[in-house]
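*Asks:* If you scroll down you'll find the structure; I have some questions about it.
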Amino acid sequence: MENYQIDNLDKSILNALMENARAAYAELAKRFDVSAGTIHVRVEKMKQAGIIQGTRVTINPKKLGFDVCCFIGVNLKHARDYPDTIMQLEGFEEVVEAYYTTGNYSIFIKVMTRSIEHLQDVLINKIQTIEAIQSTETLISLQNPIAREVNP
C-alpha cells in the first residue's frame with residue numbers, strides 16, 4: 001500500500017493527531033462528520049502505507065537537564081567509513097539525530113548534553129576517538145525558535 005494517496009479527510013485526521021495523538025476516534029469522527037469506523041480505517045491505511053509511523057511522547061530535554069544542544073559536522077577520511085561510523089555514533093546516547101549529507105560534511109549530527117563540560121567530554125572521549133573521522137566542526141544552538149512537523 002505504498003502508493004496510498006491522502007485526501008483532505010486524511011490531512012485533517014493527520015493534523016488532528018499531530019495536535020493530540022491521544023484524540024479519540026469518536027471525537028475525530030464528530031469533528032469531521034464521519035463515522036468512528038471511517039477514522040479507524042483511514043488511520044490503519046495510513047499506518048500500512050508508512051505515513052503514520054507510530055505515536056510518541058515529546059520530551060522537553062531542558063526539563064531533564066540537557067541544557068546544551070549542538071550540531072556537529074563530521075568529515076570522514078573515506079566515504080566507505082560511513083556505515084561503521086554511524087554504528088559507532090549510534091552507541092553514544094548524546095547523539096540524538098544523524099544525517100548523511102552533501103556539502104561540507106559527510107555526516108551532520110545533533111547532540112544533547114547537560115553542560116559545556118559534558119559536551120567537551122563527548123567530543124574528546126567519544127566522537128573524536130572514532131578512527132574514521134578526519135575532523136569535526138561544532139555549532140552550539142542558542143535557541144530553537146521553530147520546531148514543527150511537516151504539514152500534511
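All residue names refer to the C-alpha cells as shown: chains lettered A, B, ... in order, residues numbered from 1 in each chain, ligands numbered from 1 in order.
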Give me the residues near Asp33 (chain A) as number ranges by chain, where near means some atom within 12 Å (using only C-alpha atoms) and where sequence neighbours in that chain fewer than 5 positions away do not count.

*Replies:* A: 9, 12-13, 25-28, 38-39

*Asks:* I want to know what sits within 10 Å of Gln143 (chain A), based on only C-alpha atoms, with residues of the same chain fewer than 2 positions away left out; could you give that as a count of residues only?

*Replies:* 6

*Asks:* Quick one: of A:Gln120, A:Ala132, A:Thr55, A:Val41, who's nearest to Pro83 (chain A), counting only C-alpha atoms?

*Replies:*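 With only C-alpha atoms as the atom set, the closest residue is A:Ala132.
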
*Asks:* Which residues in chain A does DSSP call strand (DSSP E)? List them as a ChimeraX atom specification.

*Replies:* /A:68-76,95-100,107-113,133-140

*Asks:* Apply DSSP to the backbone of this structure and, from region 23-102 of chain A, keep only the residues in helix (DSSP H, G or I); write these as JSON, numbers by chain.

*Replies:* {"A": [25, 26, 27, 28, 29, 30, 31, 32, 36, 37, 38, 39, 40, 41, 42, 43, 44, 45, 46, 47, 48, 61, 62, 63, 64, 79, 80, 81, 82, 83, 84, 85, 86, 87, 88, 89, 90]}

*Asks:* With C-alpha atoms kept, could you save the residues just selected as an mmCIF file, in the first residue's frame?

*Replies:*
```cif
data_model
loop_
_atom_site.group_PDB
_atom_site.id
_atom_site.type_symbol
_atom_site.label_atom_id
_atom_site.label_comp_id
_atom_site.auth_asym_id
_atom_site.auth_seq_id
_atom_site.Cartn_x
_atom_site.Cartn_y
_atom_site.Cartn_z
ATOM 1 C CA TYR A 25 -11.576 8.311 17.078
ATOM 2 C CA ALA A 26 -15.169 9.113 18.155
ATOM 3 C CA GLU A 27 -14.142 12.711 18.858
ATOM 4 C CA LEU A 28 -12.444 12.998 15.458
ATOM 5 C CA ALA A 29 -15.454 11.407 13.756
ATOM 6 C CA LYS A 30 -17.751 14.006 15.293
ATOM 7 C CA ARG A 31 -15.395 16.847 14.313
ATOM 8 C CA PHE A 32 -15.121 15.667 10.689
ATOM 9 C CA ALA A 36 -15.558 6.428 14.023
ATOM 10 C CA GLY A 37 -15.128 3.367 11.797
ATOM 11 C CA THR A 38 -14.107 5.640 8.918
ATOM 12 C CA ILE A 39 -11.490 7.308 11.115
ATOM 13 C CA HIS A 40 -10.192 3.903 12.208
ATOM 14 C CA VAL A 41 -9.966 2.616 8.617
ATOM 15 C CA ARG A 42 -8.206 5.781 7.423
ATOM 16 C CA VAL A 43 -5.669 5.681 10.275
ATOM 17 C CA GLU A 44 -4.966 1.980 9.646
ATOM 18 C CA LYS A 45 -4.473 2.598 5.908
ATOM 19 C CA MET A 46 -2.051 5.451 6.652
ATOM 20 C CA LYS A 47 -0.178 3.193 9.096
ATOM 21 C CA GLN A 48 0.076 0.435 6.460
ATOM 22 C CA PRO A 61 15.234 17.991 27.110
ATOM 23 C CA LYS A 62 15.892 21.116 29.203
ATOM 24 C CA LYS A 63 13.469 19.898 31.881
ATOM 25 C CA LEU A 64 15.612 16.753 32.127
ATOM 26 C CA ALA A 79 33.223 7.629 2.241
ATOM 27 C CA ARG A 80 33.407 3.861 2.775
ATOM 28 C CA ASP A 81 33.714 4.527 6.525
ATOM 29 C CA TYR A 82 30.145 5.883 6.715
ATOM 30 C CA PRO A 83 28.266 2.722 7.844
ATOM 31 C CA ASP A 84 30.763 1.872 10.580
ATOM 32 C CA THR A 85 30.915 5.477 11.786
ATOM 33 C CA ILE A 86 27.107 5.647 12.034
ATOM 34 C CA MET A 87 27.115 2.429 14.076
ATOM 35 C CA GLN A 88 29.655 3.926 16.474
ATOM 36 C CA LEU A 89 27.791 7.240 16.759
ATOM 37 C CA GLU A 90 24.575 5.339 17.451
#
```

*Asks:* Pick from A:Ser106, A:Gln53, A:Thr129, A:Thr113: nearest to Gly65 (chain A), with only C-alpha atoms counted?

*Replies:*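 Closest residue, counting only C-alpha atoms: A:Thr113.
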
*Asks:* From the list A:Met18, A:Ile107, A:Ile124, A:Val95, which residue is nearest His78 (chain A) when using only C-alpha atoms?

*Replies:*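 Nearest to His78 (chain A): A:Ile107.
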